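See below for start10.pdb, which holds PDB, C-alpha atoms.
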```pdb
MODEL        1
ATOM      1  CA  MET W   1    -101.822  14.813  43.516
ATOM      2  CA  ARG W   2    -104.468  13.805  46.079
ATOM      3  CA  LEU W   3    -105.044  15.673  49.346
ATOM      4  CA  ALA W   4    -107.019  14.885  52.491
ATOM      5  CA  VAL W   5    -108.144  17.993  54.385
ATOM      6  CA  ASP W   6    -109.551  17.834  57.910
ATOM      7  CA  VAL W   7    -111.995  20.744  58.020
ATOM      8  CA  MET W   8    -113.512  20.134  61.460
ATOM      9  CA  GLY W   9    -110.799  20.961  64.008
ATOM     10  CA  GLY W  10    -110.115  24.675  63.437
ATOM     11  CA  ASP W  11    -111.288  27.686  65.421
ATOM     12  CA  GLN W  12    -112.888  29.378  62.382
ATOM     13  CA  GLY W  13    -115.249  26.550  61.575
ATOM     14  CA  PRO W  14    -115.520  24.382  58.457
ATOM     15  CA  ALA W  15    -117.030  27.062  56.195
ATOM     16  CA  GLU W  16    -113.841  29.150  56.309
ATOM     17  CA  LEU W  17    -111.700  26.118  55.466
ATOM     18  CA  LEU W  18    -114.025  25.117  52.643
ATOM     19  CA  HIS W  19    -113.362  28.572  51.183
ATOM     20  CA  GLY W  20    -109.637  27.738  51.428
ATOM     21  CA  ILE W  21    -110.144  24.498  49.527
ATOM     22  CA  ARG W  22    -112.011  26.385  46.801
ATOM     23  CA  LEU W  23    -109.123  28.843  46.461
ATOM     24  CA  GLY W  24    -106.508  26.063  46.477
ATOM     25  CA  LEU W  25    -108.240  24.090  43.749
ATOM     26  CA  ALA W  26    -108.564  27.207  41.618
ATOM     27  CA  ALA W  27    -104.854  27.940  42.024
ATOM     28  CA  ASP W  28    -103.525  24.445  41.240
ATOM     29  CA  PRO W  29    -105.082  22.535  38.318
ATOM     30  CA  SER W  30    -102.644  19.637  38.865
ATOM     31  CA  ILE W  31    -104.554  18.507  41.962
ATOM     32  CA  GLN W  32    -106.576  15.410  41.121
ATOM     33  CA  THR W  33    -108.644  14.985  44.269
ATOM     34  CA  VAL W  34    -109.316  16.740  47.548
ATOM     35  CA  PHE W  35    -110.951  14.592  50.196
ATOM     36  CA  VAL W  36    -113.018  16.855  52.445
ATOM     37  CA  VAL W  37    -112.941  15.026  55.767
ATOM     38  CA  GLY W  38    -115.607  15.626  58.376
ATOM     39  CA  ARG W  39    -119.337  15.345  58.989
ATOM     40  CA  GLU W  40    -120.583  14.944  55.431
ATOM     41  CA  ALA W  41    -124.193  15.858  56.162
ATOM     42  CA  GLU W  42    -123.019  19.186  57.557
ATOM     43  CA  LEU W  43    -120.343  19.876  54.964
ATOM     44  CA  ARG W  44    -122.244  19.286  51.711
ATOM     45  CA  PRO W  45    -124.760  22.121  52.182
ATOM     46  CA  LEU W  46    -122.000  24.438  53.437
ATOM     47  CA  ALA W  47    -119.950  23.740  50.324
ATOM     48  CA  GLN W  48    -122.955  24.377  48.078
ATOM     49  CA  SER W  49    -123.660  27.678  49.821
ATOM     50  CA  ILE W  50    -120.144  29.024  49.119
ATOM     51  CA  GLY W  51    -119.963  27.747  45.543
ATOM     52  CA  LEU W  52    -117.575  24.845  46.161
ATOM     53  CA  THR W  53    -118.808  22.523  43.416
ATOM     54  CA  ASP W  54    -115.500  21.430  41.892
ATOM     55  CA  SER W  55    -115.680  17.891  40.489
ATOM     56  CA  ARG W  56    -112.367  17.070  42.172
ATOM     57  CA  ILE W  57    -114.025  17.189  45.618
ATOM     58  CA  GLN W  58    -114.803  13.924  47.386
ATOM     59  CA  TYR W  59    -116.361  13.759  50.846
ATOM     60  CA  HIS W  60    -115.016  11.356  53.442
ATOM     61  CA  ASN W  61    -117.366  11.081  56.383
ATOM     62  CA  ALA W  62    -115.991  11.262  59.936
ATOM     63  CA  THR W  63    -118.401  11.385  62.860
ATOM     64  CA  GLU W  64    -116.070  12.681  65.585
ATOM     65  CA  VAL W  65    -113.959  15.792  66.119
ATOM     66  CA  LEU W  66    -110.713  16.114  68.081
ATOM     67  CA  THR W  67    -110.914  19.394  69.987
ATOM     68  CA  MET W  68    -108.057  21.524  71.277
ATOM     69  CA  GLU W  69    -109.051  20.506  74.814
ATOM     70  CA  ASP W  70    -108.715  16.769  74.151
ATOM     71  CA  ASP W  71    -105.733  14.965  75.644
ATOM     72  CA  PRO W  72    -103.756  13.964  72.506
ATOM     73  CA  THR W  73    -102.816  10.400  73.398
ATOM     74  CA  VAL W  74    -106.190   9.575  74.949
ATOM     75  CA  ALA W  75    -108.133  11.114  72.079
ATOM     76  CA  VAL W  76    -106.123   9.275  69.425
ATOM     77  CA  ARG W  77    -107.029   5.991  71.099
ATOM     78  CA  ARG W  78    -110.686   6.765  71.761
ATOM     79  CA  LYS W  79    -111.819   9.006  68.899
ATOM     80  CA  LYS W  80    -110.894   6.666  66.073
ATOM     81  CA  ASP W  81    -113.502   8.145  63.743
ATOM     82  CA  SER W  82    -112.297  11.729  64.201
ATOM     83  CA  SER W  83    -111.775  13.840  61.084
ATOM     84  CA  LEU W  84    -108.084  14.279  61.953
ATOM     85  CA  LEU W  85    -107.378  10.544  62.179
ATOM     86  CA  GLN W  86    -109.500   9.767  59.132
ATOM     87  CA  ALA W  87    -107.477  12.260  57.066
ATOM     88  CA  LEU W  88    -104.276  10.522  58.181
ATOM     89  CA  THR W  89    -105.785   7.113  57.418
ATOM     90  CA  LEU W  90    -106.423   8.185  53.827
ATOM     91  CA  VAL W  91    -102.666   8.822  53.538
ATOM     92  CA  SER W  92    -101.679   5.554  55.260
ATOM     93  CA  ASP W  93    -104.071   3.653  52.940
ATOM     94  CA  GLU W  94    -102.400   5.400  49.958
ATOM     95  CA  LYS W  95    -105.665   6.991  48.857
ATOM     96  CA  ALA W  96    -104.194  10.448  49.488
ATOM     97  CA  ASP W  97    -100.639  11.758  49.117
ATOM     98  CA  ALA W  98    -100.836  14.335  51.910
ATOM     99  CA  ALA W  99    -103.022  15.366  54.845
ATOM    100  CA  ILE W 100    -103.690  18.887  56.129
ATOM    101  CA  SER W 101    -105.259  19.752  59.480
ATOM    102  CA  SER W 102    -105.757  22.759  61.735
ATOM    103  CA  GLY W 103    -106.711  20.520  64.643
ATOM    104  CA  ASN W 104    -105.102  19.494  67.932
ATOM    105  CA  THR W 105    -101.317  19.688  67.437
ATOM    106  CA  GLY W 106    -100.373  16.933  69.883
ATOM    107  CA  ALA W 107    -102.995  14.602  68.465
ATOM    108  CA  LEU W 108    -101.800  15.298  64.925
ATOM    109  CA  VAL W 109     -98.205  14.370  65.778
ATOM    110  CA  ALA W 110     -99.219  11.309  67.803
ATOM    111  CA  GLY W 111    -101.750  10.164  65.222
ATOM    112  CA  ALA W 112     -99.421  10.730  62.283
ATOM    113  CA  THR W 113     -96.580   8.861  63.972
ATOM    114  CA  PHE W 114     -98.874   5.947  64.793
ATOM    115  CA  ARG W 115    -100.752   5.801  61.483
ATOM    116  CA  LEU W 116     -97.945   6.609  59.046
ATOM    117  CA  GLY W 117     -94.777   5.553  60.874
ATOM    118  CA  ARG W 118     -91.368   7.201  60.849
ATOM    119  CA  LEU W 119     -89.037   7.158  57.877
ATOM    120  CA  GLU W 120     -86.131   4.739  58.013
ATOM    121  CA  GLY W 121     -83.562   5.949  60.556
ATOM    122  CA  VAL W 122     -85.658   8.877  61.829
ATOM    123  CA  LYS W 123     -85.860   9.037  65.617
ATOM    124  CA  ARG W 124     -88.530  11.751  65.945
ATOM    125  CA  PRO W 125     -90.731  13.646  63.481
ATOM    126  CA  SER W 126     -90.384  17.427  63.558
ATOM    127  CA  PHE W 127     -92.412  20.536  62.780
ATOM    128  CA  ALA W 128     -90.532  22.623  60.202
ATOM    129  CA  CYS W 129     -91.677  26.256  60.411
ATOM    130  CA  VAL W 130     -90.783  28.618  57.567
ATOM    131  CA  MET W 131     -90.298  32.163  58.882
ATOM    132  CA  PRO W 132     -89.357  35.449  57.163
ATOM    133  CA  SER W 133     -85.872  36.926  57.309
ATOM    134  CA  ARG W 134     -84.416  40.174  55.984
ATOM    135  CA  THR W 135     -84.175  39.056  52.355
ATOM    136  CA  GLY W 136     -85.823  35.628  52.309
ATOM    137  CA  ALA W 137     -86.847  32.977  54.795
ATOM    138  CA  PHE W 138     -85.369  30.400  57.165
ATOM    139  CA  VAL W 139     -86.592  27.080  58.543
ATOM    140  CA  LEU W 140     -86.985  26.527  62.293
ATOM    141  CA  LEU W 141     -86.992  22.972  63.646
ATOM    142  CA  ASP W 142     -88.537  21.867  65.921
ATOM    143  CA  GLY W 143     -91.602  24.081  66.118
ATOM    144  CA  GLY W 144     -93.177  22.240  69.039
ATOM    145  CA  ALA W 145     -93.485  18.496  68.455
ATOM    146  CA  ASN W 146     -90.562  17.451  70.700
ATOM    147  CA  PRO W 147     -89.959  19.482  73.880
ATOM    148  CA  GLU W 148     -87.164  17.125  74.975
ATOM    149  CA  CYS W 149     -84.426  15.999  72.585
ATOM    150  CA  THR W 150     -81.039  14.296  72.421
ATOM    151  CA  PRO W 151     -78.062  15.604  70.404
ATOM    152  CA  GLU W 152     -78.688  12.933  67.739
ATOM    153  CA  ILE W 153     -82.283  14.077  67.351
ATOM    154  CA  LEU W 154     -81.152  17.690  66.865
ATOM    155  CA  VAL W 155     -78.728  16.489  64.175
ATOM    156  CA  GLN W 156     -81.606  14.809  62.382
ATOM    157  CA  PHE W 157     -83.630  18.024  62.613
ATOM    158  CA  GLY W 158     -80.702  19.730  60.910
ATOM    159  CA  VAL W 159     -80.733  17.162  58.119
ATOM    160  CA  MET W 160     -84.482  17.419  57.570
ATOM    161  CA  GLY W 161     -84.392  21.203  57.656
ATOM    162  CA  SER W 162     -81.527  21.304  55.174
ATOM    163  CA  VAL W 163     -83.380  19.014  52.751
ATOM    164  CA  TYR W 164     -86.545  21.114  53.074
ATOM    165  CA  SER W 165     -84.699  24.415  52.684
ATOM    166  CA  ASN W 166     -82.974  23.212  49.529
ATOM    167  CA  ALA W 167     -86.034  21.662  47.889
ATOM    168  CA  MET W 168     -88.736  24.129  48.904
ATOM    169  CA  LEU W 169     -86.860  27.429  49.280
ATOM    170  CA  GLY W 170     -84.207  26.819  46.621
ATOM    171  CA  ILE W 171     -81.258  27.458  48.952
ATOM    172  CA  GLN W 172     -78.055  25.718  47.930
ATOM    173  CA  ARG W 173     -75.970  24.350  50.825
ATOM    174  CA  PRO W 174     -78.253  25.772  53.550
ATOM    175  CA  ARG W 175     -76.432  27.123  56.605
ATOM    176  CA  VAL W 176     -77.441  25.037  59.607
ATOM    177  CA  GLY W 177     -77.053  26.545  63.080
ATOM    178  CA  VAL W 178     -78.007  25.406  66.564
ATOM    179  CA  LEU W 179     -80.011  28.072  68.388
ATOM    180  CA  SER W 180     -78.181  29.236  71.506
ATOM    181  CA  ASN W 181     -77.651  32.207  73.809
ATOM    182  CA  GLY W 182     -74.345  33.233  72.198
ATOM    183  CA  SER W 183     -71.974  32.405  69.380
ATOM    184  CA  GLU W 184     -69.044  31.361  71.586
ATOM    185  CA  GLU W 185     -68.338  27.646  71.865
ATOM    186  CA  SER W 186     -68.612  27.853  75.656
ATOM    187  CA  LYS W 187     -72.219  29.102  75.507
ATOM    188  CA  GLY W 188     -75.334  26.987  75.358
ATOM    189  CA  THR W 189     -76.133  23.799  77.242
ATOM    190  CA  ASP W 190     -74.752  20.279  77.269
ATOM    191  CA  LEU W 191     -77.403  19.454  74.650
ATOM    192  CA  THR W 192     -76.539  22.270  72.248
ATOM    193  CA  ARG W 193     -72.761  21.804  72.597
ATOM    194  CA  ALA W 194     -73.061  18.078  71.872
ATOM    195  CA  ALA W 195     -75.377  18.749  68.915
ATOM    196  CA  VAL W 196     -72.923  21.181  67.301
ATOM    197  CA  SER W 197     -70.088  18.704  67.790
ATOM    198  CA  LEU W 198     -72.054  15.961  66.034
ATOM    199  CA  LEU W 199     -73.307  18.236  63.243
ATOM    200  CA  ARG W 200     -69.719  19.136  62.351
ATOM    201  CA  LYS W 201     -69.027  15.458  61.657
ATOM    202  CA  THR W 202     -71.698  15.383  58.951
ATOM    203  CA  ALA W 203     -71.703  16.786  55.416
ATOM    204  CA  LEU W 204     -74.146  19.534  56.415
ATOM    205  CA  ASN W 205     -73.076  23.167  56.162
ATOM    206  CA  CYS W 206     -72.958  23.614  59.932
ATOM    207  CA  THR W 207     -72.131  27.156  61.069
ATOM    208  CA  GLY W 208     -72.107  26.345  64.791
ATOM    209  CA  TYR W 209     -74.326  28.379  67.060
ATOM    210  CA  CYS W 210     -76.858  30.933  65.909
ATOM    211  CA  GLU W 211     -78.331  33.558  68.204
ATOM    212  CA  GLY W 212     -81.827  34.985  68.306
ATOM    213  CA  PHE W 213     -80.977  38.029  66.181
ATOM    214  CA  ASP W 214     -79.408  35.787  63.505
ATOM    215  CA  LEU W 215     -82.803  34.284  62.743
ATOM    216  CA  PHE W 216     -84.348  37.338  61.109
ATOM    217  CA  THR W 217     -81.185  38.965  59.730
ATOM    218  CA  ASP W 218     -80.144  36.271  57.219
ATOM    219  CA  GLY W 219     -77.630  34.775  59.628
ATOM    220  CA  VAL W 220     -78.865  31.220  59.140
ATOM    221  CA  ASP W 221     -81.007  29.152  56.753
ATOM    222  CA  VAL W 222     -81.902  26.338  59.163
ATOM    223  CA  ALA W 223     -82.201  26.951  62.911
ATOM    224  CA  VAL W 224     -82.169  23.818  65.062
ATOM    225  CA  CYS W 225     -83.565  23.592  68.597
ATOM    226  CA  ASP W 226     -85.807  21.438  70.745
ATOM    227  CA  GLY W 227     -89.551  21.908  70.478
ATOM    228  CA  PHE W 228     -89.825  23.798  73.759
ATOM    229  CA  VAL W 229     -87.486  26.553  72.574
ATOM    230  CA  GLY W 230     -88.805  26.447  69.015
ATOM    231  CA  ASN W 231     -92.405  26.952  70.023
ATOM    232  CA  LEU W 232     -91.418  29.911  72.209
ATOM    233  CA  VAL W 233     -89.604  31.487  69.249
ATOM    234  CA  LEU W 234     -92.563  30.844  66.958
ATOM    235  CA  LYS W 235     -95.218  32.291  69.272
ATOM    236  CA  THR W 236     -93.011  35.248  70.264
ATOM    237  CA  ALA W 237     -92.399  36.132  66.615
ATOM    238  CA  GLU W 238     -96.119  35.895  65.822
ATOM    239  CA  GLY W 239     -96.977  38.124  68.778
ATOM    240  CA  LEU W 240     -94.315  40.666  67.842
ATOM    241  CA  GLY W 241     -95.558  40.763  64.251
ATOM    242  CA  LYS W 242     -99.100  41.494  65.391
ATOM    243  CA  THR W 243     -97.870  44.186  67.773
ATOM    244  CA  VAL W 244     -95.812  45.921  65.067
ATOM    245  CA  GLY W 245     -98.824  45.810  62.754
ATOM    246  CA  TYR W 246    -101.007  47.348  65.441
ATOM    247  CA  LEU W 247     -98.489  50.114  66.131
ATOM    248  CA  VAL W 248     -98.102  50.951  62.441
ATOM    249  CA  ARG W 249    -101.863  51.048  61.970
ATOM    250  CA  THR W 250    -102.329  53.218  65.061
ATOM    251  CA  GLU W 251     -99.625  55.729  64.155
ATOM    252  CA  LEU W 252    -100.150  55.981  60.394
ATOM    253  CA  VAL W 253    -103.776  55.161  59.719
ATOM    254  CA  GLU W 254    -105.773  56.023  62.827
ATOM    255  CA  ASN W 255    -103.717  59.082  63.800
ATOM    256  CA  PRO W 256    -105.673  62.257  62.976
ATOM    257  CA  SER W 257    -102.637  64.083  61.555
ATOM    258  CA  PRO W 258    -103.227  64.858  57.834
ATOM    259  CA  LEU W 259     -99.516  64.522  57.057
ATOM    260  CA  ARG W 260     -99.354  61.048  58.568
ATOM    261  CA  LYS W 261    -102.465  59.979  56.693
ATOM    262  CA  LEU W 262    -100.922  61.247  53.466
ATOM    263  CA  GLY W 263     -97.692  59.422  54.248
ATOM    264  CA  SER W 264     -99.579  56.190  54.882
ATOM    265  CA  LEU W 265    -101.336  56.517  51.516
ATOM    266  CA  LEU W 266     -98.025  57.042  49.724
ATOM    267  CA  ALA W 267     -96.472  54.056  51.518
ATOM    268  CA  ALA W 268     -99.521  51.798  51.171
ATOM    269  CA  GLY W 269     -98.017  49.487  48.561
ATOM    270  CA  GLY W 270     -94.847  48.880  50.533
ATOM    271  CA  LEU W 271     -96.770  48.372  53.766
ATOM    272  CA  ARG W 272     -98.986  45.758  52.108
ATOM    273  CA  ARG W 273     -95.923  43.842  50.875
ATOM    274  CA  ILE W 274     -94.357  43.945  54.347
ATOM    275  CA  LYS W 275     -97.607  42.719  55.880
ATOM    276  CA  SER W 276     -97.737  39.843  53.413
ATOM    277  CA  ARG W 277     -94.170  38.761  54.181
ATOM    278  CA  MET W 278     -94.787  38.941  57.927
ATOM    279  CA  ASN W 279     -98.108  37.084  57.777
ATOM    280  CA  PRO W 280     -97.688  33.415  58.831
ATOM    281  CA  GLU W 281    -100.571  32.440  56.525
ATOM    282  CA  THR W 282     -98.423  33.394  53.522
ATOM    283  CA  TYR W 283     -96.204  30.377  54.221
ATOM    284  CA  GLY W 284     -99.084  27.881  54.455
ATOM    285  CA  GLY W 285     -98.405  25.550  57.344
ATOM    286  CA  ALA W 286     -95.727  23.618  59.168
ATOM    287  CA  PRO W 287     -94.920  20.235  57.614
ATOM    288  CA  VAL W 288     -94.347  17.326  59.955
ATOM    289  CA  LEU W 289     -91.085  15.973  58.527
ATOM    290  CA  GLY W 290     -89.766  12.475  59.088
ATOM    291  CA  LEU W 291     -92.935  10.477  58.369
ATOM    292  CA  HIS W 292     -94.105   8.236  55.562
ATOM    293  CA  GLY W 293     -96.428  10.430  53.560
ATOM    294  CA  SER W 294     -96.826  14.177  53.875
ATOM    295  CA  VAL W 295     -98.593  15.961  56.761
ATOM    296  CA  ILE W 296     -99.042  19.719  57.194
ATOM    297  CA  LYS W 297    -100.320  21.493  60.291
ATOM    298  CA  ILE W 298    -101.962  24.867  59.843
ATOM    299  CA  HIS W 299    -102.715  27.223  62.716
ATOM    300  CA  GLY W 300    -105.814  26.474  64.758
ATOM    301  CA  ASN W 301    -107.059  29.957  63.931
ATOM    302  CA  ALA W 302    -106.126  29.655  60.244
ATOM    303  CA  ARG W 303    -108.280  31.320  57.637
ATOM    304  CA  ARG W 304    -108.881  30.538  53.996
ATOM    305  CA  ASP W 305    -105.611  31.948  52.629
ATOM    306  CA  ALA W 306    -103.569  29.821  55.034
ATOM    307  CA  LEU W 307    -105.287  26.658  53.816
ATOM    308  CA  LYS W 308    -104.966  27.691  50.170
ATOM    309  CA  ASN W 309    -101.226  28.189  50.632
ATOM    310  CA  ALA W 310    -100.920  24.920  52.577
ATOM    311  CA  ILE W 311    -102.591  23.107  49.677
ATOM    312  CA  LEU W 312    -100.089  24.607  47.224
ATOM    313  CA  GLN W 313     -97.252  23.810  49.659
ATOM    314  CA  SER W 314     -98.378  20.167  49.936
ATOM    315  CA  SER W 315     -98.600  19.769  46.184
ATOM    316  CA  ARG W 316     -95.066  21.040  45.709
ATOM    317  CA  ALA W 317     -93.613  19.026  48.609
ATOM    318  CA  VAL W 318     -95.000  15.760  47.260
ATOM    319  CA  SER W 319     -93.632  16.510  43.787
ATOM    320  CA  GLN W 320     -90.174  17.130  45.275
ATOM    321  CA  ASN W 321     -90.049  13.589  46.759
ATOM    322  CA  LEU W 322     -88.621  14.940  50.015
ATOM    323  CA  ASN W 323     -88.911  11.717  51.988
ATOM    324  CA  CYS W 324     -86.469   9.733  49.862
ATOM    325  CA  GLU W 325     -83.878  12.488  50.198
ATOM    326  CA  ILE W 326     -84.449  12.772  53.956
ATOM    327  CA  GLU W 327     -83.881   9.022  54.379
ATOM    328  CA  ARG W 328     -80.724   9.134  52.268
ATOM    329  CA  GLN W 329     -79.209  12.084  54.110
ATOM    330  CA  ILE W 330     -80.199  10.794  57.573
ATOM    331  CA  ALA W 331     -78.401   7.532  56.822
ATOM    332  CA  ALA W 332     -75.314   9.410  55.578
ATOM    333  CA  ALA W 333     -75.238  11.710  58.622
ATOM    334  CA  MET W 334     -75.596   8.870  61.130
ATOM    335  CA  ALA W 335     -72.879   6.894  59.329
ATOM    336  CA  ALA W 336     -70.516   9.899  59.413
ATOM    337  CA  ILE W 337     -71.130  10.367  63.142
ATOM    338  CA  ALA W 338     -70.493   6.698  63.842
ATOM    339  CA  ALA W 339     -67.281   6.775  61.783
ATOM    340  CA  GLY W 340     -66.065   9.855  63.609
ATOM    341  CA  SER W 341     -66.732   8.531  67.097
TER     342      SER W 341
ENDMDL
END
```
Please, can you express the file's structure as structure tokens?
Amino acid sequence: MRLAVDVMGGDQGPAELLHGIRLGLAADPSIQTVFVVGREAELRPLAQSIGLTDSRIQYHNATEVLTMEDDPTVAVRRKKDSSLLQALTLVSDEKADAAISSGNTGALVAGATFRLGRLEGVKRPSFACVMPSRTGAFVLLDGGANPECTPEILVQFGVMGSVYSNAMLGIQRPRVGVLSNGSEESKGTDLTRAAVSLLRKTALNCTGYCEGFDLFTDGVDVAVCDGFVGNLVLKTAEGLGKTVGYLVRTELVENPSPLRKLGSLLAAGGLRRIKSRMNPETYGGAPVLGLHGSVIKIHGNARRDALKNAILQSSRAVSQNLNCEIERQIAAAMAAIAAGS
């Protein structure tokens, strides 16, 4: 297992991500190589200062950085020696099995599509975001890569999400639903109604529409939507999680009442477990499904634990050989739709 990690594009700076690499290597002895991609002259002394001296580290110099302010398509063309593109190039040249970046989201999708190419039959790559539910987790596609979609593209998101849910979350026959504003067949838009109709022609376990409250109450295993809606769901859930955490901390920890402080001490273990399940960094990052090779996007503000978990996630995803299964099931789904037309 060989990984390429872009450590230059995140908000926390490369030192924090180097800590994440150190933790990831310690947690997974099966990793053969981690390419640390960025300005080598800057990164080597940083790594030494934090104790990152693992022999599996190799530095891959990149002189440019894609910032969050860069226009994705322009930057991909002009900043060819950026750390983000160099990490992807290591995958396209088959020197690495997967790339991880916390950099510019649009540039990552554009660069990955250009450098790696789409899998056979895949119309658009998709961000697959794993999010917590009442007793487990569900996969949301698309998390923001494709704000405008066709019904066929949503079907393919359903296929990719189902494959990922089965392989990575261990869910047999994942329930696939199209996110809508109601469960009735008359609800939704022309896009969502057409997508449900096509999904029912495939071998997927399509449950029709799913509503917002189904997402976090075990009502669905794979939620399908365009990237505009998906990104709104993702950011809203993250904001709500932070707000709930703030309210709990304010009422139980910072409140001067002795009884509340005692209650918070007694409930500390449970609260820590809830916090862990609600923390996006627990789930690593969002894989970009539908491409040759493996690419994972971590949050721009990601800290060391997020990168550590993304490294473990990448290692497992590559071992599961997801891309072959995605190609097989995409072909089967498209054939079933064509036969049913």
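Interatomic distance, atom CA of W:Gln86 against atom CA of W:His292: 15.9 Å.
Each of W:Ile50, W:Val109, W:Leu84, W:Val220 was checked against W:Ser133 using all atoms listed in the file; the smallest atom-to-atom distance is that of W:Val220.
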Specify as a ChimeraX atom specification each residue included when the PyMOL selection byres ((chain W and resi 323) around 12) is applied to this file. /W:118-122,125,159-161,163-164,167,287-295,317-322,324-330
(request) On this file, the PyMOL selection byres ((chain W and resi 222-230) around 8) gives some set of residues; write that set as a PyMOL selection string. (result) chain W and resi 138-149+154+157-158+161-162+165+174-179+210+215+220-221+231-234
Selection file, C-alpha atoms, as a tab-separated table (two decimals), in the coordinates of the input:
```tsv
chain	number	residue	atom	x	y	z
W	138	PHE	CA	-85.37	30.40	57.16
W	139	VAL	CA	-86.59	27.08	58.54
W	140	LEU	CA	-86.98	26.53	62.29
W	141	LEU	CA	-86.99	22.97	63.65
W	142	ASP	CA	-88.54	21.87	65.92
W	143	GLY	CA	-91.60	24.08	66.12
W	144	GLY	CA	-93.18	22.24	69.04
W	145	ALA	CA	-93.48	18.50	68.46
W	146	ASN	CA	-90.56	17.45	70.70
W	147	PRO	CA	-89.96	19.48	73.88
W	148	GLU	CA	-87.16	17.12	74.97
W	149	CYS	CA	-84.43	16.00	72.58
W	154	LEU	CA	-81.15	17.69	66.86
W	157	PHE	CA	-83.63	18.02	62.61
W	158	GLY	CA	-80.70	19.73	60.91
W	161	GLY	CA	-84.39	21.20	57.66
W	162	SER	CA	-81.53	21.30	55.17
W	165	SER	CA	-84.70	24.42	52.68
W	174	PRO	CA	-78.25	25.77	53.55
W	175	ARG	CA	-76.43	27.12	56.60
W	176	VAL	CA	-77.44	25.04	59.61
W	177	GLY	CA	-77.05	26.54	63.08
W	178	VAL	CA	-78.01	25.41	66.56
W	179	LEU	CA	-80.01	28.07	68.39
W	210	CYS	CA	-76.86	30.93	65.91
W	215	LEU	CA	-82.80	34.28	62.74
W	220	VAL	CA	-78.86	31.22	59.14
W	221	ASP	CA	-81.01	29.15	56.75
W	231	ASN	CA	-92.40	26.95	70.02
W	232	LEU	CA	-91.42	29.91	72.21
W	233	VAL	CA	-89.60	31.49	69.25
W	234	LEU	CA	-92.56	30.84	66.96
```
Separation of atom CA of W:Val130 and atom CA of W:Gly285, in Å?
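Those two atoms sit 8.2 Å apart.
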Step by step, work through what the PyMOL selection byres ((chain W and resi 184-194) around 9) selects in the shown file, and finish by giving those residues as a PyMOL selection string.
chain W and resi 149-152+154+178-183+195-199+208-209+225
Query - Interatomic distance (Å, one decimal) between atom CA of W:Asp6 and atom CA of W:Leu312 - result: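 Between these atoms lies a distance of 15.8 Å.
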Original post:
Near W:Leu18, counting only C-alpha atoms, which residues have an atom at most 7 Å away, once you skip same-chain residues fewer than 4 positions from it, shown as a list in words?
Top reply: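 Everything that qualifies: Pro14, Arg22 and Ala47 of chain W.
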Using only C-alpha atoms, the shortest atom-to-atom distance to W:Pro29 among W:Ser55, W:Gly13, W:Arg44, W:Thr73 belongs to W:Ser55
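When all atoms listed in the file are used to compute distances to W:Ala302, the closest of the residues W:Leu85, W:Ala62, W:Gly10, W:Leu3 turns out to be W:Gly10.
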key: Proximity to W:Glu40 - best of W:Cys206, W:Met8, W:Ile100, W:Ala332, only C-alpha atoms   =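 Of W:Cys206, W:Met8, W:Ile100, W:Ala332, the one nearest W:Glu40 is W:Met8, counting only C-alpha atoms.
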Can you sort out stretch 153-163 of chain W so it carries N, CA and C atoms, written as an mmCIF file, keeping the file's coordinate frame?
```
data_model
loop_
_atom_site.group_PDB
_atom_site.id
_atom_site.type_symbol
_atom_site.label_atom_id
_atom_site.label_comp_id
_atom_site.auth_asym_id
_atom_site.auth_seq_id
_atom_site.Cartn_x
_atom_site.Cartn_y
_atom_site.Cartn_z
ATOM 1 N N ILE W 153 -81.008 13.616 67.898
ATOM 2 C CA ILE W 153 -82.283 14.077 67.351
ATOM 3 C C ILE W 153 -82.132 15.469 66.753
ATOM 4 N N LEU W 154 -81.381 16.352 67.418
ATOM 5 C CA LEU W 154 -81.152 17.690 66.865
ATOM 6 C C LEU W 154 -80.384 17.614 65.550
ATOM 7 N N VAL W 155 -79.447 16.687 65.439
ATOM 8 C CA VAL W 155 -78.728 16.489 64.175
ATOM 9 C C VAL W 155 -79.715 16.119 63.072
ATOM 10 N N GLN W 156 -80.630 15.221 63.388
ATOM 11 C CA GLN W 156 -81.606 14.809 62.382
ATOM 12 C C GLN W 156 -82.532 15.957 61.998
ATOM 13 N N PHE W 157 -82.859 16.824 62.958
ATOM 14 C CA PHE W 157 -83.630 18.024 62.613
ATOM 15 C C PHE W 157 -82.848 18.872 61.617
ATOM 16 N N GLY W 158 -81.538 18.970 61.829
ATOM 17 C CA GLY W 158 -80.702 19.730 60.910
ATOM 18 C C GLY W 158 -80.721 19.150 59.511
ATOM 19 N N VAL W 159 -80.684 17.830 59.424
ATOM 20 C CA VAL W 159 -80.733 17.162 58.119
ATOM 21 C C VAL W 159 -82.063 17.436 57.431
ATOM 22 N N MET W 160 -83.159 17.235 58.167
ATOM 23 C CA MET W 160 -84.482 17.419 57.570
ATOM 24 C C MET W 160 -84.712 18.872 57.158
ATOM 25 N N GLY W 161 -84.256 19.794 57.990
ATOM 26 C CA GLY W 161 -84.392 21.203 57.656
ATOM 27 C C GLY W 161 -83.578 21.590 56.444
ATOM 28 N N SER W 162 -82.384 21.015 56.317
ATOM 29 C CA SER W 162 -81.527 21.304 55.174
ATOM 30 C C SER W 162 -82.160 20.795 53.882
ATOM 31 N N VAL W 163 -82.705 19.574 53.926
ATOM 32 C CA VAL W 163 -83.380 19.014 52.751
ATOM 33 C C VAL W 163 -84.569 19.886 52.355
#
```
